[in-house]
Every structure is written in C-alpha cells, then in structure tokens.
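Have a look at query25.cif below; it lists mmCIF, C-alpha atoms.
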data_coords
loop_
_atom_site.label_atom_id
_atom_site.label_comp_id
_atom_site.auth_asym_id
_atom_site.auth_seq_id
_atom_site.Cartn_x
_atom_site.Cartn_y
_atom_site.Cartn_z
CA MET J 107 96.09 -98.50 -38.42
CA HIS J 108 97.65 -95.29 -37.15
CA TRP J 109 95.12 -92.66 -36.32
CA PHE J 110 96.52 -90.13 -38.76
CA PHE J 111 96.00 -92.53 -41.65
CA LEU J 112 92.42 -92.74 -40.46
CA VAL J 113 92.12 -88.94 -40.31
CA ALA J 114 93.65 -88.54 -43.76
CA SER J 115 91.39 -91.15 -45.34
CA LEU J 116 88.28 -89.74 -43.67
CA SER J 117 89.06 -86.23 -44.88
CA ILE J 118 89.72 -87.52 -48.40
CA LEU J 119 86.37 -89.31 -48.31
CA LEU J 120 84.70 -86.10 -47.12
CA THR J 121 86.27 -84.19 -50.02
CA MET J 122 85.06 -86.88 -52.44
CA ALA J 123 81.53 -86.47 -51.06
CA LEU J 124 81.70 -82.68 -51.49
CA ALA J 125 82.94 -83.13 -55.07
CA LEU J 126 80.04 -85.47 -55.77
CA ILE J 127 77.59 -82.88 -54.42
CA ARG J 128 79.05 -80.32 -56.84
CA ALA J 129 78.84 -82.84 -59.68
CA MET J 130 75.17 -83.31 -58.85
CA LEU J 131 74.37 -79.58 -58.51
CA GLY J 132 76.70 -78.16 -61.14
CA PRO J 133 74.88 -75.73 -63.42
CA THR J 134 77.19 -76.27 -66.40
CA VAL J 135 78.78 -79.43 -67.75
CA PHE J 136 82.22 -78.00 -66.90
CA ASP J 137 81.38 -77.90 -63.20
CA ARG J 138 80.52 -81.55 -63.37
CA VAL J 139 83.72 -82.40 -65.25
CA LEU J 140 85.77 -80.42 -62.71
CA ALA J 141 84.11 -82.24 -59.83
CA LEU J 142 84.69 -85.61 -61.48
CA ASN J 143 88.34 -84.76 -62.09
CA MET J 144 88.72 -83.85 -58.42
CA PHE J 145 86.95 -87.07 -57.45
CA GLY J 146 89.41 -89.07 -59.53
CA THR J 147 92.44 -87.37 -57.99
CA LYS J 148 91.04 -87.98 -54.52
CA THR J 149 90.52 -91.65 -55.41
CA VAL J 150 94.20 -91.95 -56.28
CA LEU J 151 95.14 -90.35 -52.96
CA PHE J 152 92.71 -92.54 -51.06
CA ILE J 153 94.18 -95.70 -52.59
CA CYS J 154 97.68 -94.50 -51.60
CA VAL J 155 96.68 -93.76 -48.00
CA TYR J 156 94.72 -96.99 -47.70
CA CYS J 157 97.59 -99.12 -48.96
CA PHE J 158 99.87 -97.60 -46.34
CA ALA J 159 97.26 -97.97 -43.62
CA SER J 160 96.64 -101.65 -44.40
CA GLY J 161 100.24 -102.48 -45.25
CA ARG J 162 99.39 -103.83 -48.72
CA THR J 163 101.74 -101.69 -50.77
CA ASP J 164 100.95 -103.47 -54.06
CA PHE J 165 97.83 -101.29 -54.26
CA LEU J 166 100.11 -98.46 -55.40
CA ASP J 167 100.10 -99.88 -58.93
CA LEU J 168 96.34 -99.44 -59.02
CA ALA J 169 96.72 -95.81 -57.95
CA LEU J 170 99.28 -95.21 -60.70
CA LEU J 171 96.99 -96.73 -63.32
CA TYR J 172 94.00 -94.81 -62.02
CA SER J 173 95.77 -91.45 -62.22
CA LEU J 174 96.52 -92.03 -65.92
CA MET J 175 93.02 -93.31 -66.70
CA ASN J 176 91.51 -90.29 -64.98
CA PHE J 177 93.42 -87.92 -67.25
CA ILE J 178 92.50 -89.76 -70.44
CA GLY J 179 88.86 -89.96 -69.40
CA MET J 180 88.69 -86.24 -68.71
CA VAL J 181 90.23 -85.27 -72.05
CA ALA J 182 87.80 -87.62 -73.81
CA LEU J 183 84.85 -86.08 -71.95
CA LEU J 184 85.98 -82.55 -72.88
CA ARG J 185 86.36 -83.50 -76.55
CA PHE J 186 82.91 -85.03 -76.43
CA SER J 187 81.33 -81.97 -74.86
CA GLN J 188 83.08 -79.65 -77.32
CA TYR J 189 82.69 -81.50 -80.62
CA GLY J 190 79.75 -83.78 -79.88
CA SER J 191 81.81 -86.81 -80.86
CA PHE J 192 85.08 -88.43 -79.82
CA GLY J 193 86.98 -86.75 -82.61
CA ASP J 194 86.40 -88.98 -85.62
CA LYS J 195 83.84 -86.71 -87.25
CA PRO J 196 82.49 -83.29 -86.31
CA LYS J 197 78.97 -82.75 -85.05
CA GLY J 198 76.37 -82.68 -87.80
CA ALA J 199 78.73 -83.97 -90.51
CA SER J 200 76.64 -87.09 -91.09
CA GLN J 201 72.98 -87.98 -90.56
CA MET I 89 110.40 -90.27 -34.24
CA THR I 90 111.08 -86.90 -35.89
CA VAL I 91 110.27 -88.45 -39.25
CA ASP I 92 107.00 -89.76 -37.84
CA VAL I 93 106.03 -86.33 -36.55
CA ALA I 94 106.93 -84.73 -39.90
CA SER I 95 104.91 -87.33 -41.78
CA TRP I 96 101.99 -86.80 -39.42
CA ALA I 97 102.16 -83.03 -39.99
CA PHE I 98 102.30 -83.44 -43.77
CA LEU I 99 99.33 -85.82 -43.79
CA LEU I 100 97.23 -83.54 -41.59
CA LEU I 101 98.12 -80.46 -43.65
CA GLY I 102 97.26 -82.32 -46.83
CA SER I 103 93.92 -83.39 -45.35
CA PHE I 104 93.26 -79.81 -44.31
CA PHE I 105 93.93 -78.46 -47.80
CA SER I 106 91.84 -81.14 -49.45
CA ILE I 107 88.87 -80.34 -47.19
CA VAL I 108 89.37 -76.62 -47.87
CA GLY I 109 89.25 -77.30 -51.60
CA GLY I 110 86.17 -79.46 -51.13
CA ILE I 111 84.39 -76.68 -49.27
CA GLY I 112 85.56 -74.23 -51.93
CA ILE I 113 84.13 -76.28 -54.76
CA ILE I 114 80.75 -76.19 -53.05
CA ARG I 115 80.72 -72.58 -51.81
CA LEU I 116 82.43 -70.53 -54.53
CA PRO I 117 80.00 -68.64 -56.76
CA GLU I 118 80.95 -69.42 -60.35
CA PHE I 119 82.88 -71.86 -62.50
CA PHE I 120 86.26 -70.16 -62.79
CA SER I 121 86.61 -69.64 -59.05
CA ARG I 122 85.61 -73.26 -58.50
CA LEU I 123 88.45 -74.16 -60.86
CA HIS I 124 90.76 -72.48 -58.36
CA ALA I 125 89.35 -74.57 -55.50
CA GLY I 126 89.83 -77.71 -57.56
CA GLY I 127 93.42 -76.67 -58.26
CA VAL I 128 94.18 -76.32 -54.56
CA THR I 129 93.17 -79.88 -53.76
CA ASP I 130 94.74 -81.35 -56.87
CA THR I 131 98.20 -79.85 -56.37
CA LEU I 132 98.75 -78.74 -52.77
CA GLY I 133 96.62 -81.38 -51.03
CA ALA I 134 97.87 -84.24 -53.20
CA THR I 135 101.53 -83.18 -52.89
CA LEU I 136 101.39 -82.83 -49.11
CA ILE I 137 99.66 -86.19 -48.62
CA VAL I 138 102.05 -88.05 -50.94
CA VAL I 139 105.09 -86.41 -49.28
CA GLY I 140 103.68 -87.43 -45.90
CA LEU I 141 103.39 -91.00 -47.15
CA LEU I 142 106.90 -90.86 -48.65
CA LEU I 143 108.32 -90.25 -45.16
CA GLN I 144 106.80 -93.60 -44.03
CA VAL I 145 108.37 -95.64 -46.83
CA ASP I 146 110.93 -98.31 -45.97
CA SER I 147 111.78 -99.73 -49.41
CA GLY I 148 113.07 -97.98 -52.50
CA LEU I 149 110.60 -99.45 -54.99
CA ILE I 150 107.59 -98.10 -53.09
CA ALA I 151 109.23 -94.68 -52.89
CA ILE I 152 109.75 -94.73 -56.67
CA LYS I 153 106.11 -95.71 -57.23
CA LEU I 154 104.92 -92.91 -54.96
CA LEU I 155 107.18 -90.43 -56.76
CA MET I 156 105.74 -91.58 -60.11
CA ILE I 157 102.20 -91.10 -58.78
CA LEU I 158 103.15 -87.62 -57.56
CA PHE I 159 104.74 -86.81 -60.93
CA PHE I 160 101.70 -87.95 -62.90
CA LEU I 161 99.31 -86.10 -60.61
CA LEU I 162 101.36 -82.92 -60.90
CA VAL I 163 101.55 -83.20 -64.69
CA THR I 164 98.02 -84.32 -65.50
CA SER I 165 95.82 -82.35 -63.14
CA PRO I 166 97.00 -78.81 -64.07
CA THR I 167 96.85 -79.92 -67.71
CA SER I 168 93.27 -81.03 -67.33
CA CYS I 169 92.41 -77.83 -65.44
CA HIS I 170 93.86 -75.83 -68.32
CA ALA I 171 91.95 -77.87 -70.90
CA LEU I 172 88.78 -77.42 -68.86
CA ALA I 173 89.19 -73.63 -68.61
CA LYS I 174 90.01 -73.34 -72.32
CA SER I 175 87.06 -75.47 -73.28
CA ALA I 176 84.73 -73.41 -71.04
CA ILE I 177 86.00 -70.15 -72.56
CA SER I 178 85.53 -71.45 -76.09
CA GLU I 179 81.98 -72.54 -75.20
CA GLY I 180 81.26 -68.90 -74.27
CA LEU I 181 81.31 -69.13 -70.47
CA GLU I 182 82.55 -65.77 -69.16
CA PRO I 183 84.26 -65.19 -65.81
CA VAL I 184 82.21 -62.95 -63.51
CA LEU I 185 84.38 -60.01 -62.48
CA ASP I 186 84.06 -57.75 -59.46
CA SER I 187 85.78 -54.66 -60.84
CA PRO I 188 84.97 -53.22 -64.27
CA GLN I 189 87.44 -53.84 -67.06
CA PRO I 190 89.26 -50.92 -68.79
CA GLY I 191 87.11 -51.18 -71.89
CA GLU I 192 83.79 -51.19 -70.07
CA SER I 193 81.94 -48.33 -68.47
CA LEU I 194 80.87 -48.48 -64.84
CA PRO I 195 77.32 -49.67 -64.29
CA ALA I 196 74.99 -46.87 -63.19
CA GLY I 197 74.95 -46.21 -59.46
CA GLU I 198 78.20 -48.08 -58.85
CA GLU I 199 80.75 -45.27 -59.26
CA SER I 200 83.41 -46.24 -56.76
CA ALA I 201 84.57 -43.77 -54.13
CA GLU I 202 88.23 -44.88 -54.34
#

Show me this structure written as structure tokens.
Amino acid sequence: MHWFFLVASLSILLTMALALIRAMLGPTVFDRVLALNMFGTKTVLFICVYCFASGRTDFLDLALLYSLMNFIGMVALLRFSQYGSFGDKPKGASQ
Amino acid sequence: MTVDVASWAFLLLGSFFSIVGGIGIIRLPEFFSRLHAGGVTDTLGATLIVVGLLLQVDSGLIAIKLLMILFFLLVTSPTSCHALAKSAISEGLEPVLDSPQPGESLPAGEESAE
C-alpha cells in the first residue's frame, strides 16, 4: 500500500468520526441528517480509496451502489421528518 | 512519475479538504453554516480524491466506473443539501445573521460605527 493511500484513508476515517460526533451532538434533526449524509459520502470515498490501495478494483461497484442508496435514504428520511410518514398518508390522517 | 506526483497531490488536497469540512461540521455555530461545511467535503474533497484516483487507473472500465461515481456524487450530494436546507426552512429553522436585514431595526446598543 502506498503511503498516500494510507494518508487519504486515515483522513477520510477521521472525517467520518467527526461527522458521527456531529450526528450524536446535533441539536436539530437536520444536523443529524447532514452528518449522516456526509458519513455516507465519505464511505463511498473510503471504498474507492481502499479498493485502489488493496488492488481489488471490483469494490468500485459497491461504492457506486452505496452512493445511490445514500441519496435515496436521505430523501426518505427528510420526507419522514417533514410529513411524519413515508408519503402514503399525511400525519394525523388516520388513527 | 509526473502522473504519480499529480495523483499524490490530488489525494492529499482532497484529504485536506475533507478534514477541513469535518472540523467545520463540528465547530461552526448553527445549522446553515454547517451545511456549508458539509458541502465542502461533499463536492471539493470528493472530486479531488476521485480525480487523484483516476490518475492511477490503468484500464478503461475502472476509469468509467470512477467517473460514474464522481457524476453521481456531484449530482446527488448538492441535491440532498438543497432538500435539507429547504426542509429546514419549511420547518421554521431560521439562519442566524450577523448584520441586520433591511427590514429590521438595529438592536439597542449595537449601532455600528461604519
């Protein structure tokens, strides 16, 4: 492993840890969602760097899939926090 | 050799910007400025790291996969930042401003000298 792959992956891991601290502290739900979104993006980058560092380039497919899943998950979380449901019925319509 | 040095520089710059964004998301005082710190890591840090990796690629398929990852990151993460800001505004979260807005009066005792 080249040393700059090591530096890049360590700094990405550090950023992920900082994002997790913000997700833990965050006063509003939006801070937590922002930190989780950042965590997801950093995961994609970490998988990319790791697959180059270890020479297993088939991991890139996982990174591609993860970047799409991250986006869908965040939109779903925002809909949930705004409407109180995943969009099929508004909050307080039943029960 | 030159390509290696360029790739090294891109990776280190990308790491630097991602750590800066990570510090920003901890240190900045309120949500909308933290959104800015998140944007720095999601666009600048991600782009620089992926470009640094692209310079190491030896086969075309891997380059195409990396370009697709870069494309999706650059499309989805500003979109999700925008959705997040819009959702926060519609929930009633207000940005905290330093200078008074044209419609507002200055708070007492804070008449600026400029």

Apply the PyMOL selection byres ((chain I) within 7 of (chain J)) to the displayed file and report the matching residues as a ChimeraX atom specification.
-> /I:96,99-100,103,106-107,110-111,113-114,119,126,130,134,153,157,160-161,164,168,172,176

Go through I:Leu155, I:Cys169, I:Ala97, I:Ser175 and flag the residue nearest Ser121 of chain I, using all atoms listed in the file for the distances.
->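 Looking only at the distances to Ser121 of chain I, the closest residue turns out to be I:Cys169.
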
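With all atoms listed in the file as the atoms that count, the minimum distance from Gln144 of chain I to the choices I:Thr90, I:Gly112, I:Ser95, I:Phe120 is reached by I:Ser95.
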
Using atom CA of Leu143 of chain I and atom CA of Asp92 of chain I as the two end points, give the distance in Å to one decimal.
->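 For atom CA of Leu143 of chain I relative to atom CA of Asp92 of chain I, the distance reads 7.5 Å.
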
Separation of atom CA of His124 of chain I from atom CA of Phe105 of chain I, in Å and rounded to one decimal = 12.5 Å

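In this model, the gap between atom CA of Leu123 of chain I and atom CA of Leu112 of chain J comes to 27.9 Å.
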
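With only C-alpha atoms as the atoms that count, the residue of I:Gly148, I:Pro117, I:Gly109, I:Leu162 with the shortest distance to Asp186 of chain I is I:Pro117.
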